[in-house]
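Next comes run_6.cif, with mmCIF, C-alpha atoms.
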data_input
loop_
_atom_site.label_atom_id
_atom_site.label_comp_id
_atom_site.auth_asym_id
_atom_site.auth_seq_id
_atom_site.Cartn_x
_atom_site.Cartn_y
_atom_site.Cartn_z
CA MET A 278 0.00 0.00 0.00
CA HIS A 279 2.82 2.31 0.87
CA ASP A 280 4.49 1.51 -2.44
CA ALA A 281 1.27 2.30 -4.30
CA ASP A 282 1.06 5.70 -2.59
CA MET A 283 4.63 6.43 -3.62
CA LEU A 284 3.80 5.55 -7.21
CA PHE A 285 0.75 7.81 -7.37
CA GLU A 286 2.35 10.72 -5.48
CA PRO A 287 3.91 12.34 -8.63
CA LEU A 288 0.58 12.00 -10.43
CA ARG A 289 -1.28 13.67 -7.58
CA ALA A 290 1.31 16.48 -7.51
CA PHE A 291 0.95 16.94 -11.26
CA LEU A 292 -2.83 17.08 -11.04
CA ALA A 293 -2.62 19.58 -8.18
CA GLN A 294 -0.30 21.83 -10.22
CA LEU A 295 -2.58 21.43 -13.23
CA GLY A 296 -5.56 22.40 -11.12
CA LEU A 297 -3.79 25.58 -10.09
CA LEU A 298 -2.58 26.33 -13.62
CA VAL A 299 -5.80 25.82 -15.57
CA PRO A 300 -7.78 28.68 -13.95
CA ARG A 301 -4.83 31.06 -14.37
CA LEU A 302 -4.44 29.96 -17.98
CA LEU A 303 -8.15 30.53 -18.66
CA VAL A 304 -7.93 33.99 -17.11
CA ALA A 305 -4.85 34.78 -19.22
CA LEU A 306 -6.62 33.63 -22.39
CA ALA A 307 -9.61 35.79 -21.48
CA MET A 308 -7.26 38.77 -21.02
CA VAL A 309 -5.68 38.19 -24.44
CA ALA A 310 -9.09 37.82 -26.11
CA GLY A 311 -10.33 40.99 -24.43
CA GLY A 312 -7.16 42.82 -25.46
CA TRP A 313 -7.65 41.70 -29.06
CA VAL A 314 -11.22 43.01 -29.11
CA LEU A 315 -10.20 46.30 -27.48
CA GLY A 316 -7.32 46.57 -29.93
CA ARG A 317 -9.63 46.32 -32.94
CA VAL A 318 -11.91 48.98 -31.42
CA ALA A 319 -8.88 51.20 -30.73
CA ARG A 320 -7.66 50.72 -34.32
CA LEU A 321 -10.98 51.82 -35.81
CA ALA A 322 -11.21 54.79 -33.44
CA THR A 323 -7.64 55.86 -34.17
CA ALA A 324 -8.13 55.65 -37.94
CA LYS A 325 -11.31 57.72 -37.70
CA ALA A 326 -9.63 60.31 -35.45
CA LEU A 327 -6.60 60.64 -37.75
CA ARG A 328 -8.80 61.08 -40.81
CA ALA A 329 -10.83 63.71 -38.94
CA LEU A 330 -7.54 65.57 -38.31
CA ASN A 331 -6.58 65.31 -42.03
CA PHE A 332 -3.52 63.25 -41.16
CA PRO A 333 -3.80 61.26 -44.45
CA VAL A 334 -3.42 64.51 -46.41
CA LEU A 335 -0.32 65.42 -44.39
CA ALA A 336 1.19 61.96 -44.87
CA GLU A 337 0.49 62.00 -48.62
CA ARG A 338 2.00 65.45 -49.11
CA ALA A 339 4.97 64.50 -46.97
CA GLY A 340 5.64 61.51 -49.22
CA LEU A 341 5.32 58.84 -46.52
CA ASP A 342 2.47 57.04 -48.28
CA GLY A 343 4.49 56.86 -51.48
CA LEU A 344 7.47 55.54 -49.53
CA LEU A 345 5.32 52.79 -48.00
CA ARG A 346 3.99 51.85 -51.45
CA GLN A 347 7.53 51.63 -52.79
CA ALA A 348 8.38 49.34 -49.86
CA GLY A 349 5.58 46.98 -50.96
CA LEU A 350 3.12 47.79 -48.16
CA GLN A 351 -0.54 48.01 -49.10
CA GLN A 352 -1.43 50.22 -46.13
CA ASP A 353 -1.01 53.97 -45.95
CA THR A 354 0.51 55.81 -43.00
CA THR A 355 -2.88 56.33 -41.33
CA ALA A 356 -3.68 52.61 -41.44
CA LEU A 357 -0.20 51.81 -40.17
CA MET A 358 -0.63 54.16 -37.20
CA ALA A 359 -4.02 52.60 -36.41
CA ARG A 360 -2.49 49.13 -36.63
CA LEU A 361 0.27 50.15 -34.24
CA VAL A 362 -2.34 51.36 -31.74
CA GLN A 363 -4.09 47.99 -32.02
CA TRP A 364 -0.88 46.09 -31.34
CA LEU A 365 -0.10 48.43 -28.47
CA VAL A 366 -3.33 47.37 -26.76
CA VAL A 367 -2.76 43.69 -27.61
CA LEU A 368 0.80 43.81 -26.27
CA GLY A 369 -0.48 45.39 -23.07
CA ALA A 370 -2.92 42.50 -22.65
CA LEU A 371 -0.15 39.99 -23.36
CA VAL A 372 2.08 41.60 -20.73
CA VAL A 373 -0.66 41.39 -18.11
CA ALA A 374 -1.47 37.78 -19.08
CA SER A 375 2.15 36.60 -19.02
CA ASN A 376 2.70 38.35 -15.69
CA SER A 377 -0.33 36.57 -14.24
CA LEU A 378 1.18 33.25 -15.33
CA GLY A 379 4.50 34.08 -13.71
CA LEU A 380 6.46 34.12 -16.98
CA ALA A 381 9.03 36.74 -15.99
CA ALA A 382 11.28 36.43 -19.06
CA LEU A 383 8.36 36.70 -21.50
CA THR A 384 6.89 39.61 -19.54
CA ASP A 385 10.19 41.49 -19.72
CA LEU A 386 10.49 40.89 -23.49
CA LEU A 387 6.92 41.95 -24.21
CA GLY A 388 7.40 44.99 -21.96
CA ARG A 389 10.36 46.13 -24.02
CA VAL A 390 8.38 45.77 -27.24
CA LEU A 391 5.43 47.55 -25.62
CA TRP A 392 7.58 50.57 -24.76
CA PHE A 393 9.04 50.64 -28.29
CA VAL A 394 5.69 50.88 -30.12
CA PRO A 395 4.72 54.38 -28.84
CA ARG A 396 8.19 55.67 -29.70
CA LEU A 397 7.76 54.27 -33.21
CA MET A 398 4.45 56.08 -33.54
CA VAL A 399 5.99 59.36 -32.41
CA ALA A 400 8.86 58.82 -34.88
CA LEU A 401 6.33 58.39 -37.70
CA VAL A 402 4.61 61.64 -36.72
CA ILE A 403 8.00 63.39 -36.65
CA LEU A 404 8.81 62.05 -40.12
CA ALA A 405 5.41 63.14 -41.46
CA LEU A 406 5.64 66.68 -40.08
CA GLY A 407 9.33 67.04 -40.93
CA SER A 408 8.91 65.78 -44.50
CA TYR A 409 6.02 68.19 -45.00
CA VAL A 410 8.13 71.08 -43.69
CA ALA A 411 10.97 69.97 -46.00
CA ARG A 412 8.65 70.13 -49.00
CA VAL A 413 7.40 73.56 -47.94
CA VAL A 414 10.99 74.82 -47.65
CA GLY A 415 11.91 73.31 -51.03
CA ASP A 416 8.83 74.82 -52.69
CA ALA A 417 9.61 78.22 -51.16
CA VAL A 418 13.16 78.19 -52.54
CA ARG A 419 11.89 76.89 -55.90
CA HIS A 420 9.23 79.63 -56.02
CA ALA A 421 11.88 82.25 -55.29
CA GLY A 422 13.92 80.89 -58.18
CA SER A 423 10.97 80.85 -60.58
CA GLY A 424 10.17 84.44 -59.64
CA GLY A 425 13.46 85.60 -61.07
CA SER A 426 15.17 86.59 -57.84
CA LEU A 427 17.18 83.37 -57.78
CA ARG A 428 18.10 81.75 -61.08
CA ASP A 429 19.68 78.67 -59.47
CA GLY A 430 16.59 77.93 -57.41
CA GLU A 431 16.02 74.31 -58.47
CA PRO A 432 19.31 72.80 -57.20
CA LEU A 433 19.18 74.99 -54.10
CA ALA A 434 15.57 73.90 -53.49
CA ARG A 435 16.54 70.24 -53.71
CA ALA A 436 19.51 70.78 -51.42
CA ALA A 437 17.39 72.62 -48.84
CA GLN A 438 14.67 69.95 -48.92
CA LEU A 439 17.22 67.15 -48.61
CA ALA A 440 18.94 68.89 -45.70
CA VAL A 441 15.68 69.26 -43.78
CA GLN A 442 14.69 65.65 -44.49
CA VAL A 443 18.06 64.32 -43.30
CA PHE A 444 17.81 66.43 -40.14
CA VAL A 445 14.29 65.12 -39.45
CA ALA A 446 15.39 61.53 -40.07
CA LEU A 447 18.19 61.98 -37.54
CA ILE A 448 15.69 63.31 -34.99
CA ALA A 449 13.45 60.28 -35.57
CA LEU A 450 16.38 57.85 -35.25
CA ASP A 451 17.55 59.57 -32.08
CA HIS A 452 14.04 59.28 -30.66
CA LEU A 453 14.10 55.55 -31.40
CA ASP A 454 17.60 55.17 -29.94
CA ILE A 455 18.76 53.63 -33.23
CA GLY A 456 22.35 54.38 -34.09
CA GLY A 457 22.67 57.11 -31.51
CA SER A 458 26.05 58.80 -31.54
CA ILE A 459 27.28 56.68 -34.48
CA VAL A 460 24.62 58.09 -36.82
CA GLN A 461 25.17 61.63 -35.58
CA SER A 462 28.95 61.37 -35.91
CA THR A 463 28.62 59.89 -39.39
CA PHE A 464 26.27 62.69 -40.43
CA LEU A 465 28.64 65.35 -39.12
CA ILE A 466 31.60 63.75 -40.91
CA VAL A 467 29.70 63.50 -44.20
CA LEU A 468 28.40 67.07 -43.83
CA ALA A 469 31.89 68.39 -43.10
CA GLY A 470 33.25 66.49 -46.10
CA LEU A 471 30.57 67.91 -48.39
CA VAL A 472 31.16 71.44 -47.17
CA PHE A 473 34.92 71.05 -47.64
CA ALA A 474 34.47 69.58 -51.13
CA LEU A 475 32.08 72.35 -52.13
CA ALA A 476 34.45 74.96 -50.76
CA LEU A 477 37.33 73.54 -52.80
CA ALA A 478 35.23 73.25 -55.94
CA PHE A 479 33.80 76.70 -55.47
CA GLY A 480 37.16 78.29 -54.68
CA LEU A 481 39.45 76.49 -57.13
CA GLY A 482 37.47 75.26 -60.08
CA GLY A 483 34.40 77.44 -60.09
CA LEU A 484 35.69 80.99 -59.85
CA ASP A 485 34.04 82.11 -63.07
CA TRP A 486 30.79 80.34 -62.21
CA ALA A 487 30.81 81.83 -58.69
CA ALA A 488 31.44 85.30 -60.07
CA ALA A 489 28.60 84.88 -62.56
CA CYS A 490 26.22 83.64 -59.84
CA ILE A 491 27.11 86.53 -57.51
CA ALA A 492 26.67 88.98 -60.37
CA ARG A 493 23.23 87.58 -61.20
CA TRP A 494 22.14 87.67 -57.56
CA LEU A 495 23.35 91.25 -57.15
CA GLN A 496 21.67 92.24 -60.40
CA ALA A 497 18.38 90.72 -59.23
CA SER A 498 18.68 92.52 -55.88
CA ARG A 499 19.46 95.93 -57.42
CA PRO A 500 16.81 98.57 -56.77
CA PRO A 501 15.12 99.81 -59.95
CA GLY A 502 16.80 102.89 -61.42
CA ASP A 503 19.84 102.74 -59.14
CA GLU A 504 22.84 102.66 -61.46
CA ARG A 505 25.31 102.75 -58.52
CA TRP A 506 24.20 99.32 -57.33
CA PRO A 507 26.18 97.49 -56.14
CA PRO A 508 28.14 100.18 -54.29
#
Whole structure given in structure tokens:
Amino acid sequence: MHDADMLFEPLRAFLAQLGLLVPRLLVALAMVAGGWVLGRVARLATAKALRALNFPVLAERAGLDGLLRQAGLQQDTTALMARLVQWLVVLGALVVASNSLGLAALTDLLGRVLWFVPRLMVALVILALGSYVARVVGDAVRHAGSGGSLRDGEPLARAAQLAVQVFVALIALDHLDIGGSIVQSTFLIVLAGLVFALALAFGLGGLDWAAACIARWLQASRPPGDERWPP
């Protein structure tokens, strides 16, 4: 009899552990299911709110929607933001469920991903606003060139737009903690190299072109009827 009890003791321990685990597992599954439903509701609400704020127009003019299409994604920036909100809610439910089951390693991993999703959303907003500002700056320089006050407006407009876009991309990467000081140092080195190369080209090989450009700019800035301009 004693031997029989010893044989069934592991089975009884297993069943006792299973009895404690099953209710917790059912509660965790209910949490995940509830998080999935709440996530879908949050996605629809977010998409409707962003469209009410004309965020799709901003993203389209900023060029983010075109960039996503070139990357092979069928969703626009608004749908992507709404999907990120949905996964933010689902990840929150998964964190609570894994914590209730005592899965510390999984909870820590999901927590890290959970904290990364809002930063990704903010980075997308930064890219959208910054790209729109870059286009506005480029169009302003291009308009000044088409008005006759700046004959080399097109290359300067492209350079100004590219500079603003690169600066915005660096801000977004810094917000995501991607690259960090390596990206910033690389950007500064490349920028210094470009400035040095342009200075050499402008000073050594482009004297005549520089003189012609300065003459055109001064001629465009001369007040009407003032023959003494420039002084």
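Residue nearest Leu450 (chain A) within the list A:Leu378, A:Leu365, A:Ile403, A:Ala319: A:Ile403 [criterion: smallest interatomic distance, only C-alpha atoms].
With only C-alpha atoms taken into account, the protein and nucleic acid residues at most 9 Å from Leu321 (chain A) (excluding it and anything under 6 positions from it in its own chain) are A:Ala359, A:Arg360, A:Gln363.
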With 4 Å on each side, where is the centre of the axis-aligned box around all listed atoms of region 301-309 of chain A, and how long are its edges in Å to one decimal, as AutoDock Vina command-line options?
--center_x -7.0 --center_y 34.4 --center_z -19.4 --size_x 13.2 --size_y 16.8 --size_z 18.1
Could you spell out the hits of the PyMOL selection byres ((chain A and resi 334-336) around 12) on the shown file, as a PDB file with C-alpha atoms, in the frame of the given file?
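Ended up saving to result-v1.pdb:
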ATOM      1  CA  LEU A 327      -6.600  60.640 -37.750  1.00  0.00           C
ATOM      2  CA  ARG A 328      -8.800  61.080 -40.810  1.00  0.00           C
ATOM      3  CA  ALA A 329     -10.830  63.710 -38.940  1.00  0.00           C
ATOM      4  CA  LEU A 330      -7.540  65.570 -38.310  1.00  0.00           C
ATOM      5  CA  ASN A 331      -6.580  65.310 -42.030  1.00  0.00           C
ATOM      6  CA  PHE A 332      -3.520  63.250 -41.160  1.00  0.00           C
ATOM      7  CA  PRO A 333      -3.800  61.260 -44.450  1.00  0.00           C
ATOM      8  CA  GLU A 337       0.490  62.000 -48.620  1.00  0.00           C
ATOM      9  CA  ARG A 338       2.000  65.450 -49.110  1.00  0.00           C
ATOM     10  CA  ALA A 339       4.970  64.500 -46.970  1.00  0.00           C
ATOM     11  CA  GLY A 340       5.640  61.510 -49.220  1.00  0.00           C
ATOM     12  CA  LEU A 341       5.320  58.840 -46.520  1.00  0.00           C
ATOM     13  CA  ASP A 342       2.470  57.040 -48.280  1.00  0.00           C
ATOM     14  CA  GLY A 343       4.490  56.860 -51.480  1.00  0.00           C
ATOM     15  CA  LEU A 344       7.470  55.540 -49.530  1.00  0.00           C
ATOM     16  CA  LEU A 345       5.320  52.790 -48.000  1.00  0.00           C
ATOM     17  CA  ASP A 353      -1.010  53.970 -45.950  1.00  0.00           C
ATOM     18  CA  THR A 354       0.510  55.810 -43.000  1.00  0.00           C
ATOM     19  CA  THR A 355      -2.880  56.330 -41.330  1.00  0.00           C
ATOM     20  CA  ALA A 356      -3.680  52.610 -41.440  1.00  0.00           C
ATOM     21  CA  LEU A 357      -0.200  51.810 -40.170  1.00  0.00           C
ATOM     22  CA  MET A 358      -0.630  54.160 -37.200  1.00  0.00           C
ATOM     23  CA  LEU A 401       6.330  58.390 -37.700  1.00  0.00           C
ATOM     24  CA  VAL A 402       4.610  61.640 -36.720  1.00  0.00           C
ATOM     25  CA  ILE A 403       8.000  63.390 -36.650  1.00  0.00           C
ATOM     26  CA  LEU A 404       8.810  62.050 -40.120  1.00  0.00           C
ATOM     27  CA  ALA A 405       5.410  63.140 -41.460  1.00  0.00           C
ATOM     28  CA  LEU A 406       5.640  66.680 -40.080  1.00  0.00           C
ATOM     29  CA  GLY A 407       9.330  67.040 -40.930  1.00  0.00           C
ATOM     30  CA  SER A 408       8.910  65.780 -44.500  1.00  0.00           C
ATOM     31  CA  TYR A 409       6.020  68.190 -45.000  1.00  0.00           C
ATOM     32  CA  VAL A 410       8.130  71.080 -43.690  1.00  0.00           C
ATOM     33  CA  ARG A 412       8.650  70.130 -49.000  1.00  0.00           C
ATOM     34  CA  VAL A 413       7.400  73.560 -47.940  1.00  0.00           C
TER      35      VAL A 413
END
### Task
Could you state which residues are captured by the PyMOL selection byres ((chain A and resi 366) around 10) in this file, as a list in words?
Val309, Gly311, Gly312, Trp313, Val314, Leu315, Gly316, Arg317, Val318, Ala319, Arg320, Leu361, Val362, Gln363, Trp364, Leu365, Val367, Leu368, Gly369, Ala370, Leu371, Val372 and Leu391 of chain A
Selection from above, C-alpha atoms, as a PDB file, keeping the file's coordinate frame, can you write it?
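Heads up, here's the output in out.pdb:
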ATOM      1  CA  VAL A 309      -5.680  38.190 -24.440  1.00  0.00           C
ATOM      2  CA  GLY A 311     -10.330  40.990 -24.430  1.00  0.00           C
ATOM      3  CA  GLY A 312      -7.160  42.820 -25.460  1.00  0.00           C
ATOM      4  CA  TRP A 313      -7.650  41.700 -29.060  1.00  0.00           C
ATOM      5  CA  VAL A 314     -11.220  43.010 -29.110  1.00  0.00           C
ATOM      6  CA  LEU A 315     -10.200  46.300 -27.480  1.00  0.00           C
ATOM      7  CA  GLY A 316      -7.320  46.570 -29.930  1.00  0.00           C
ATOM      8  CA  ARG A 317      -9.630  46.320 -32.940  1.00  0.00           C
ATOM      9  CA  VAL A 318     -11.910  48.980 -31.420  1.00  0.00           C
ATOM     10  CA  ALA A 319      -8.880  51.200 -30.730  1.00  0.00           C
ATOM     11  CA  ARG A 320      -7.660  50.720 -34.320  1.00  0.00           C
ATOM     12  CA  LEU A 361       0.270  50.150 -34.240  1.00  0.00           C
ATOM     13  CA  VAL A 362      -2.340  51.360 -31.740  1.00  0.00           C
ATOM     14  CA  GLN A 363      -4.090  47.990 -32.020  1.00  0.00           C
ATOM     15  CA  TRP A 364      -0.880  46.090 -31.340  1.00  0.00           C
ATOM     16  CA  LEU A 365      -0.100  48.430 -28.470  1.00  0.00           C
ATOM     17  CA  VAL A 367      -2.760  43.690 -27.610  1.00  0.00           C
ATOM     18  CA  LEU A 368       0.800  43.810 -26.270  1.00  0.00           C
ATOM     19  CA  GLY A 369      -0.480  45.390 -23.070  1.00  0.00           C
ATOM     20  CA  ALA A 370      -2.920  42.500 -22.650  1.00  0.00           C
ATOM     21  CA  LEU A 371      -0.150  39.990 -23.360  1.00  0.00           C
ATOM     22  CA  VAL A 372       2.080  41.600 -20.730  1.00  0.00           C
ATOM     23  CA  LEU A 391       5.430  47.550 -25.620  1.00  0.00           C
TER      24      LEU A 391
END
### Query
Written as a list in words, which residues does the PyMOL selection byres ((chain A and resi 442-445) around 6) give for the file shown?
Gly407, Ser408, Ala411, Leu439, Ala440, Val441, Ala446, Leu447 and Ile448 of chain A
Output C-alpha atoms for every residue in the selection just made, as a PDB file, in the frame of the given file.
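Generated file (part_26.pdb):
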ATOM      1  CA  GLY A 407       9.330  67.040 -40.930  1.00  0.00           C
ATOM      2  CA  SER A 408       8.910  65.780 -44.500  1.00  0.00           C
ATOM      3  CA  ALA A 411      10.970  69.970 -46.000  1.00  0.00           C
ATOM      4  CA  LEU A 439      17.220  67.150 -48.610  1.00  0.00           C
ATOM      5  CA  ALA A 440      18.940  68.890 -45.700  1.00  0.00           C
ATOM      6  CA  VAL A 441      15.680  69.260 -43.780  1.00  0.00           C
ATOM      7  CA  ALA A 446      15.390  61.530 -40.070  1.00  0.00           C
ATOM      8  CA  LEU A 447      18.190  61.980 -37.540  1.00  0.00           C
ATOM      9  CA  ILE A 448      15.690  63.310 -34.990  1.00  0.00           C
TER      10      ILE A 448
END
### Summary
From CA of Leu306 (chain A) to CA of Ala374 (chain A) the spacing works out at 7.4 Å
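Of note, CA of Val299 (chain A) and CA of Ala382 (chain A) are spaced 20.4 Å apart.
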#### Entry: Point-to-point distance in Å for CA of Asn376 (chain A) and CA of Ala310 (chain A)
15.7 Å
